[in-house]
file structure_27.tsv (TSV, C-alpha atoms)
chain	number	residue	atom	x	y	z
A	1	MET	CA	67.27	-0.85	-71.75
A	2	ILE	CA	64.06	-1.58	-69.79
A	3	SER	CA	63.70	-3.73	-66.69
A	4	LEU	CA	60.65	-4.36	-64.51
A	5	GLU	CA	61.30	-6.46	-61.40
A	6	HIS	CA	58.30	-7.74	-59.42
A	7	VAL	CA	56.29	-4.65	-60.38
A	8	SER	CA	52.75	-4.27	-59.07
A	9	LYS	CA	50.45	-1.27	-59.34
A	10	SER	CA	47.22	-0.90	-57.40
A	11	TYR	CA	44.82	2.00	-57.59
A	12	ALA	CA	42.57	3.32	-54.81
A	13	ALA	CA	40.22	0.31	-54.89
A	14	GLY	CA	43.16	-1.96	-54.10
A	15	ILE	CA	42.66	-4.23	-57.12
A	16	PRO	CA	46.06	-4.55	-58.86
A	17	ALA	CA	46.22	-3.19	-62.42
A	18	LEU	CA	49.58	-4.99	-62.63
A	19	ASN	CA	50.59	-7.87	-60.41
A	20	ASP	CA	54.20	-9.06	-59.97
A	21	VAL	CA	55.32	-8.22	-63.52
A	22	ASN	CA	58.85	-9.11	-64.60
A	23	ILE	CA	59.98	-7.89	-68.05
A	24	GLU	CA	63.41	-7.33	-69.59
A	25	ILE	CA	63.66	-5.50	-72.94
A	26	GLU	CA	67.07	-5.20	-74.57
A	27	ASP	CA	68.48	-2.20	-76.42
A	28	GLY	CA	67.27	-2.27	-80.05
A	29	GLU	CA	64.41	-4.75	-79.57
A	30	PHE	CA	60.99	-4.49	-81.24
A	31	VAL	CA	58.31	-5.70	-78.82
A	32	PHE	CA	54.53	-5.94	-79.04
A	33	ILE	CA	52.50	-5.75	-75.85
A	34	VAL	CA	49.03	-7.23	-76.27
A	35	GLY	CA	46.04	-7.95	-74.08
A	36	ASP	CA	42.34	-7.21	-73.67
A	37	SER	CA	41.04	-3.83	-72.51
A	38	GLY	CA	41.70	-3.49	-68.79
A	39	SER	CA	44.57	-5.99	-68.88
A	40	GLY	CA	47.10	-3.42	-67.61
A	41	LYS	CA	48.75	-2.32	-70.86
A	42	SER	CA	48.03	1.39	-70.37
A	43	THR	CA	49.23	1.23	-66.77
A	44	LEU	CA	52.49	-0.29	-68.01
A	45	ILE	CA	53.04	2.57	-70.47
A	46	LYS	CA	52.35	5.16	-67.76
A	47	LEU	CA	54.84	3.47	-65.44
A	48	LEU	CA	57.55	3.52	-68.13
A	49	LEU	CA	56.95	7.26	-68.64
A	50	LYS	CA	56.89	7.83	-64.86
A	51	GLU	CA	53.38	9.22	-65.08
A	52	LEU	CA	52.66	6.66	-62.34
A	53	ASP	CA	54.83	5.04	-59.68
A	54	PRO	CA	54.63	1.32	-58.89
A	55	THR	CA	53.04	0.15	-55.66
A	56	GLU	CA	55.76	-2.49	-55.43
A	57	GLY	CA	58.88	-3.46	-57.38
A	58	ASN	CA	61.60	-1.68	-59.33
A	59	ILE	CA	61.55	-0.12	-62.80
A	60	SER	CA	64.72	0.79	-64.69
A	61	VAL	CA	64.60	2.58	-68.05
A	62	ASN	CA	67.69	3.54	-70.01
A	63	GLY	CA	69.87	3.28	-66.91
A	64	HIS	CA	67.52	5.31	-64.67
A	65	LEU	CA	65.88	3.73	-61.63
A	66	LEU	CA	62.47	5.38	-61.83
A	67	ASN	CA	61.55	4.60	-58.22
A	68	LYS	CA	64.37	6.86	-57.01
A	69	MET	CA	64.01	9.61	-59.63
A	70	LYS	CA	63.14	13.06	-58.32
A	71	ARG	CA	60.25	14.86	-60.03
A	72	ARG	CA	62.50	17.62	-61.31
A	73	HIS	CA	64.48	15.09	-63.34
A	74	VAL	CA	61.44	13.56	-65.07
A	75	PRO	CA	61.21	16.02	-68.02
A	76	LYS	CA	64.84	15.41	-68.97
A	77	PHE	CA	64.35	11.64	-68.62
A	78	ARG	CA	61.35	11.76	-70.98
A	79	ARG	CA	63.42	13.39	-73.74
A	80	ASN	CA	64.88	9.96	-74.42
A	81	ILE	CA	61.43	8.44	-74.91
A	82	GLY	CA	59.32	9.20	-77.96
A	83	VAL	CA	55.58	8.55	-77.62
A	84	VAL	CA	53.00	7.99	-80.36
A	85	PHE	CA	49.29	7.81	-79.51
A	86	GLN	CA	46.23	6.39	-81.22
A	87	ASP	CA	44.63	9.85	-81.46
A	88	PHE	CA	47.79	11.54	-82.87
A	89	ARG	CA	47.58	14.53	-80.45
A	90	LEU	CA	48.73	17.06	-83.03
A	91	LEU	CA	48.39	20.81	-82.52
A	92	GLU	CA	45.46	21.67	-84.78
A	93	ASP	CA	46.36	25.36	-85.07
A	94	ARG	CA	49.92	24.66	-86.31
A	95	ASN	CA	51.08	23.26	-89.61
A	96	VAL	CA	53.01	20.03	-90.08
A	97	TYR	CA	56.41	21.73	-89.85
A	98	GLU	CA	55.48	23.55	-86.64
A	99	ASN	CA	54.06	20.38	-85.06
A	100	VAL	CA	57.38	18.60	-85.55
A	101	ALA	CA	59.50	21.64	-84.67
A	102	PHE	CA	57.53	22.13	-81.44
A	103	ALA	CA	59.19	19.11	-79.83
A	104	GLN	CA	62.58	20.75	-80.36
A	105	ARG	CA	61.47	24.18	-79.18
A	106	VAL	CA	60.35	22.61	-75.89
A	107	ILE	CA	63.90	21.44	-75.15
A	108	GLY	CA	65.44	24.76	-76.23
A	109	GLU	CA	66.98	23.65	-79.51
A	110	SER	CA	68.32	26.48	-81.69
A	111	THR	CA	66.29	27.80	-84.63
A	112	ARG	CA	69.16	26.88	-86.93
A	113	ALA	CA	69.09	23.25	-85.77
A	114	ILE	CA	65.28	23.07	-86.03
A	115	LYS	CA	65.40	24.34	-89.64
A	116	LYS	CA	67.72	21.45	-90.41
A	117	ASN	CA	66.13	18.70	-88.31
A	118	ALA	CA	62.40	19.21	-88.93
A	119	PRO	CA	62.59	18.91	-92.75
A	120	ALA	CA	64.87	15.89	-92.41
A	121	MET	CA	62.35	14.12	-90.16
A	122	LEU	CA	59.47	14.96	-92.50
A	123	SER	CA	61.46	13.54	-95.41
A	124	MET	CA	62.03	10.33	-93.44
A	125	VAL	CA	58.29	9.80	-92.95
A	126	GLY	CA	57.49	10.81	-96.56
A	127	LEU	CA	55.80	14.14	-95.81
A	128	ALA	CA	58.38	16.71	-96.95
A	129	ALA	CA	55.94	18.12	-99.53
A	130	LYS	CA	53.20	18.67	-96.94
A	131	TYR	CA	55.16	20.75	-94.44
A	132	ARG	CA	52.74	23.69	-94.76
A	133	SER	CA	49.57	21.59	-94.40
A	134	PHE	CA	47.50	21.64	-91.23
A	135	PRO	CA	46.43	18.41	-89.49
A	136	LYS	CA	42.82	18.66	-90.67
A	137	GLN	CA	44.09	18.68	-94.28
A	138	LEU	CA	45.84	15.33	-93.83
A	139	SER	CA	44.60	11.75	-93.90
A	140	GLY	CA	44.72	9.69	-90.71
A	141	GLY	CA	47.82	7.88	-91.93
A	142	GLU	CA	49.56	11.17	-92.69
A	143	GLN	CA	48.67	12.57	-89.28
A	144	GLN	CA	50.14	9.48	-87.63
A	145	ARG	CA	53.36	9.93	-89.63
A	146	VAL	CA	53.59	13.53	-88.42
A	147	ALA	CA	53.16	12.25	-84.87
A	148	ILE	CA	55.95	9.72	-85.43
A	149	ALA	CA	58.25	12.42	-86.86
A	150	ARG	CA	57.55	14.59	-83.80
A	151	ALA	CA	58.27	11.66	-81.47
A	152	LEU	CA	61.59	10.95	-83.17
A	153	ILE	CA	63.03	14.41	-83.80
A	154	ASN	CA	64.86	14.52	-80.45
A	155	GLU	CA	66.48	11.14	-81.25
A	156	PRO	CA	64.99	9.15	-78.35
A	157	HIS	CA	66.46	5.79	-77.43
A	158	ILE	CA	62.97	4.33	-76.97
A	159	LEU	CA	59.77	4.77	-78.97
A	160	LEU	CA	56.50	3.86	-77.22
A	161	ALA	CA	53.54	3.49	-79.58
A	162	ASP	CA	50.18	3.17	-77.81
A	163	GLU	CA	47.64	1.68	-80.25
A	164	PRO	CA	49.29	3.52	-83.19
A	165	THR	CA	47.03	1.88	-85.78
A	166	GLY	CA	43.78	2.10	-83.80
A	167	ASN	CA	42.32	4.95	-85.87
A	168	LEU	CA	43.75	3.87	-89.24
A	169	ASP	CA	42.40	1.79	-92.11
A	170	ASN	CA	44.21	-1.43	-92.97
A	171	ASN	CA	46.51	0.07	-95.61
A	172	ASN	CA	47.61	2.99	-93.41
A	173	ALA	CA	48.04	0.63	-90.46
A	174	TRP	CA	50.53	-1.44	-92.44
A	175	GLU	CA	52.35	1.67	-93.67
A	176	THR	CA	52.69	2.85	-90.07
A	177	MET	CA	54.04	-0.50	-88.92
A	178	LYS	CA	56.56	-0.61	-91.78
A	179	LEU	CA	57.77	2.83	-90.72
A	180	LEU	CA	58.16	1.69	-87.11
A	181	GLU	CA	60.11	-1.34	-88.34
A	182	GLU	CA	62.46	0.94	-90.33
A	183	ILE	CA	62.97	3.09	-87.23
A	184	ASN	CA	63.79	0.00	-85.20
A	185	ALA	CA	66.28	-1.15	-87.85
A	186	LYS	CA	68.20	2.10	-87.26
A	187	GLY	CA	68.67	1.19	-83.60
A	188	THR	CA	65.70	2.64	-81.72
A	189	THR	CA	64.01	0.33	-79.22
A	190	VAL	CA	60.34	0.13	-80.26
A	191	ILE	CA	57.49	-0.97	-77.98
A	192	VAL	CA	54.03	-1.20	-79.53
A	193	VAL	CA	50.83	-1.67	-77.53
A	194	THR	CA	48.12	-2.96	-79.86
A	195	HIS	CA	44.88	-4.89	-80.29
A	196	ASN	CA	45.66	-5.65	-83.95
A	197	MET	CA	46.55	-9.33	-83.81
A	198	GLU	CA	46.70	-9.60	-87.60
A	199	ILE	CA	49.67	-7.23	-87.63
A	200	VAL	CA	51.25	-8.88	-84.57
A	201	LYS	CA	51.15	-12.34	-86.16
A	202	ALA	CA	52.41	-11.15	-89.53
A	203	MET	CA	55.38	-9.15	-88.23
A	204	ASN	CA	56.98	-12.03	-86.32
A	205	LYS	CA	58.39	-9.99	-83.43
A	206	ARG	CA	58.57	-10.61	-79.70
A	207	VAL	CA	55.09	-10.57	-78.15
A	208	ILE	CA	54.35	-10.02	-74.45
A	209	THR	CA	50.75	-10.86	-73.52
A	210	ILE	CA	49.18	-9.37	-70.38
A	211	SER	CA	45.92	-10.61	-68.88
A	212	LYS	CA	44.35	-9.19	-65.73
A	213	GLY	CA	47.61	-7.51	-64.76
A	214	VAL	CA	49.78	-10.60	-65.18
A	215	VAL	CA	52.25	-11.49	-67.95
A	216	VAL	CA	50.81	-14.76	-69.27
A	217	SER	CA	53.24	-15.26	-72.16
A	218	ASP	CA	56.43	-13.79	-73.59
A	219	GLU	CA	57.23	-15.21	-76.99
A	220	LYS	CA	60.08	-14.51	-79.38
A	221	GLY	CA	59.19	-14.12	-83.04
A	222	GLY	CA	55.43	-13.90	-82.73
A	223	ALA	CA	54.47	-17.54	-82.32
A	224	GLY	CA	57.91	-18.76	-81.37
A	225	ASP	CA	59.13	-20.55	-78.29
A	226	GLU	CA	57.95	-19.17	-75.00
A	227	VAL	CA	60.75	-17.66	-72.94

call {"tool": "encode", "arguments": {"input": "structure_27.tsv", "output": "structure tokens"}}
result
Amino acid sequence: MISLEHVSKSYAAGIPALNDVNIEIEDGEFVFIVGDSGSGKSTLIKLLLKELDPTEGNISVNGHLLNKMKRRHVPKFRRNIGVVFQDFRLLEDRNVYENVAFAQRVIGESTRAIKKNAPAMLSMVGLAAKYRSFPKQLSGGEQQRVAIARALINEPHILLADEPTGNLDNNNAWETMKLLEEINAKGTTVIVVTHNMEIVKAMNKRVITISKGVVVSDEKGGAGDEV
């Protein structure tokens, strides 16, 4: 599903944000990516979304070699990747239903399909009753669930969650992670970038640790054998 081969990324100063990174993520995996601020985690996410290009190496996502992809093909490529951010990034002037429906309008889905799909996604994340509410009327946990519904409505093969619990209290953080686990169980590949080591240790998933742009460990099952 995702392959990085000898990937490095340097910015203008020449100091590599990522240095000779090799990662293979299989279809249907749930993977945590952890590391201190400035370790290269955000750069990695941007490379997977083709917001950045690597300085060296090859990146393949869902059968697409990103190094060779023309800019005009990037929007279509991104339809197969759902993204959830720490700050939710909801449209404040639109209600919950419209926030979720917006992702389908962007790709030209029919109104009939949207009227079917948006309520179904809101039911999945437990917010069917709040479809008319606006973001400011929701708790942080509810806003994050709207963001997850929006990320999933186009049925992406991959879900990237960048610090999805960063702005949530402990209870809402766990609810969000349980939801991501349920999504993964249905077949979606889930990649979570996080600082929350309590959640990482408790969930017993694969953990890739990055430090100063280098993968320093890649462990199966949280604290399992290094691979």

call {"tool": "atom_distance", "arguments": {"input": "structure_27.tsv", "atom1": "atom CA of Thr194 of chain A", "atom2": "atom CA of Leu18 of chain A"}}
result
17.4 Å

call {"tool": "closest_residue", "arguments": {"input": "structure_27.tsv", "among": "A:Lys205, A:Lys115, A:Arg94, A:His195", "to": "Val146 of chain A", "atoms": "only C-alpha atoms"}}
result
A:Arg94

call {"tool": "atom_distance", "arguments": {"input": "structure_27.tsv", "atom1": "atom CA of Ile25 of chain A", "atom2": "atom CA of Asn184 of chain A"}}
result
13.4 Å

call {"tool": "atom_distance", "arguments": {"input": "structure_27.tsv", "atom1": "atom CA of Gly166 of chain A", "atom2": "atom CA of Ile15 of chain A"}}
result
27.4 Å

call {"tool": "closest_residue", "arguments": {"input": "structure_27.tsv", "among": "A:Ala13, A:Ala113, A:Val193, A:Met1", "to": "Ile210 of chain A", "atoms": "all atoms listed in the file"}}
result
A:Val193

call {"tool": "residues_around", "arguments": {"input": "structure_27.tsv", "residues": "segment 143-145 of chain A", "least_positions_apart": "3", "cutoff": "6 Å", "atoms": "only C-alpha atoms", "output": "mmCIF file with C-alpha atoms, in the frame of the given file"}}
result
data_model
loop_
_atom_site.group_PDB
_atom_site.id
_atom_site.type_symbol
_atom_site.label_atom_id
_atom_site.label_comp_id
_atom_site.auth_asym_id
_atom_site.auth_seq_id
_atom_site.Cartn_x
_atom_site.Cartn_y
_atom_site.Cartn_z
ATOM 1 C CA PHE A 88 47.790 11.540 -82.870
ATOM 2 C CA VAL A 125 58.290 9.800 -92.950
ATOM 3 C CA GLY A 140 44.720 9.690 -90.710
ATOM 4 C CA ILE A 148 55.950 9.720 -85.430
#

call {"tool": "residues_around", "arguments": {"input": "structure_27.tsv", "residues": "segment 174-180 of chain A", "least_positions_apart": "5", "cutoff": "10 Å", "atoms": "all atoms listed in the file", "output": "PyMOL selection string"}}
result
chain A and resi 30+124-126+141-142+144-145+148+159+161+164-165+168-169+185+188-192+199-200+203

call {"tool": "closest_residue", "arguments": {"input": "structure_27.tsv", "among": "A:Glu198, A:Leu4, A:Ala149, A:Glu56", "to": "Leu127 of chain A", "atoms": "only C-alpha atoms"}}
result
A:Ala149

call {"tool": "closest_residue", "arguments": {"input": "structure_27.tsv", "among": "A:Leu160, A:Leu52, A:Met121, A:Val96", "to": "Tyr11 of chain A", "atoms": "all atoms listed in the file"}}
result
A:Leu52

call {"tool": "closest_residue", "arguments": {"input": "structure_27.tsv", "among": "A:Asn117, A:Ser139, A:Ser3, A:Ser211", "to": "His64 of chain A", "atoms": "only C-alpha atoms"}}
result
A:Ser3

call {"tool": "closest_residue", "arguments": {"input": "structure_27.tsv", "among": "A:Lys186, A:Arg72, A:Lys9, A:Arg78", "to": "Pro54 of chain A", "atoms": "all atoms listed in the file"}}
result
A:Lys9

call {"tool": "residues_around", "arguments": {"input": "structure_27.tsv", "residues": "Gly57 of chain A", "least_positions_apart": "6", "cutoff": "6 Å", "atoms": "only C-alpha atoms", "output": "PyMOL selection string"}}
result
chain A and resi 5-7

call {"tool": "axis_aligned_box", "arguments": {"input": "structure_27.tsv", "around": "segment 117-132 of chain A", "padding_each_side": "5 Å", "output": "lines of an AutoDock Vina configuration file"}}
result
center_x = 59.4
center_y = 16.7
center_z = -93.9
size_x = 23.4
size_y = 23.9
size_z = 21.2

call {"tool": "build_atoms", "arguments": {"input": "structure_27.tsv", "residues": "segment 5-16 of chain A", "atoms": "all heavy atoms", "output": "compact mmCIF listing (two decimals), in the frame of the given file"}}
result
# COMPACT_ATOMS: atom_id res chain seq x y z
N GLU A 5 61.06 -5.37 -62.34
CA GLU A 5 61.30 -6.46 -61.40
C GLU A 5 60.20 -6.49 -60.35
O GLU A 5 60.08 -5.56 -59.53
CB GLU A 5 62.66 -6.28 -60.72
CG GLU A 5 63.85 -6.33 -61.67
CD GLU A 5 65.17 -6.11 -60.95
OE1 GLU A 5 65.15 -5.64 -59.79
OE2 GLU A 5 66.21 -6.42 -61.54
N HIS A 6 59.38 -7.53 -60.40
CA HIS A 6 58.30 -7.74 -59.42
C HIS A 6 57.44 -6.48 -59.25
O HIS A 6 57.16 -6.05 -58.13
CB HIS A 6 58.89 -8.18 -58.08
CG HIS A 6 59.69 -9.44 -58.18
ND1 HIS A 6 59.13 -10.67 -58.43
CD2 HIS A 6 61.04 -9.65 -58.07
CE1 HIS A 6 60.08 -11.59 -58.47
NE2 HIS A 6 61.24 -11.00 -58.26
N VAL A 7 57.04 -5.91 -60.40
CA VAL A 7 56.29 -4.65 -60.38
C VAL A 7 54.79 -4.92 -60.24
O VAL A 7 54.20 -5.70 -60.98
CB VAL A 7 56.56 -3.84 -61.67
CG1 VAL A 7 55.58 -2.67 -61.77
CG2 VAL A 7 58.00 -3.34 -61.66
N SER A 8 54.20 -4.26 -59.26
CA SER A 8 52.75 -4.27 -59.07
C SER A 8 52.27 -2.83 -58.98
O SER A 8 53.00 -1.94 -58.50
CB SER A 8 52.35 -5.03 -57.80
OG SER A 8 52.71 -6.40 -57.89
N LYS A 9 51.05 -2.59 -59.45
CA LYS A 9 50.45 -1.27 -59.34
C LYS A 9 48.98 -1.43 -58.98
O LYS A 9 48.22 -2.06 -59.73
CB LYS A 9 50.58 -0.49 -60.66
CG LYS A 9 49.88 0.86 -60.64
CD LYS A 9 50.43 1.80 -59.57
CE LYS A 9 49.70 3.13 -59.53
NZ LYS A 9 50.21 4.02 -58.47
N SER A 10 48.61 -0.89 -57.83
CA SER A 10 47.22 -0.90 -57.40
C SER A 10 46.71 0.52 -57.33
O SER A 10 47.44 1.44 -56.93
CB SER A 10 47.08 -1.57 -56.03
OG SER A 10 47.47 -2.92 -56.08
N TYR A 11 45.46 0.70 -57.71
CA TYR A 11 44.82 2.00 -57.59
C TYR A 11 44.03 2.05 -56.28
O TYR A 11 44.13 1.16 -55.45
CB TYR A 11 43.93 2.26 -58.81
CG TYR A 11 44.73 2.40 -60.09
CD1 TYR A 11 44.73 1.38 -61.04
CD2 TYR A 11 45.51 3.52 -60.32
CE1 TYR A 11 45.47 1.49 -62.21
CE2 TYR A 11 46.26 3.65 -61.48
CZ TYR A 11 46.24 2.63 -62.43
OH TYR A 11 46.98 2.75 -63.57
N ALA A 12 43.24 3.08 -56.10
CA ALA A 12 42.57 3.32 -54.81
C ALA A 12 41.74 2.13 -54.33
O ALA A 12 41.70 1.83 -53.14
CB ALA A 12 41.70 4.56 -54.91
N ALA A 13 41.10 1.43 -55.27
CA ALA A 13 40.22 0.31 -54.89
C ALA A 13 41.01 -0.89 -54.36
O ALA A 13 40.43 -1.79 -53.75
CB ALA A 13 39.37 -0.12 -56.08
N GLY A 14 42.33 -0.89 -54.61
CA GLY A 14 43.16 -1.96 -54.10
C GLY A 14 43.31 -3.14 -55.04
O GLY A 14 44.11 -4.05 -54.81
N ILE A 15 42.53 -3.15 -56.14
CA ILE A 15 42.66 -4.23 -57.12
C ILE A 15 43.87 -3.93 -58.01
O ILE A 15 43.96 -2.85 -58.59
CB ILE A 15 41.39 -4.33 -57.99
CG1 ILE A 15 40.18 -4.61 -57.11
CG2 ILE A 15 41.54 -5.40 -59.06
CD1 ILE A 15 38.85 -4.46 -57.81
N PRO A 16 44.85 -4.85 -58.10
CA PRO A 16 46.06 -4.55 -58.86
C PRO A 16 45.81 -4.44 -60.36
O PRO A 16 45.21 -5.34 -60.96
CB PRO A 16 46.99 -5.71 -58.53
CG PRO A 16 46.09 -6.83 -58.11
CD PRO A 16 44.89 -6.18 -57.49
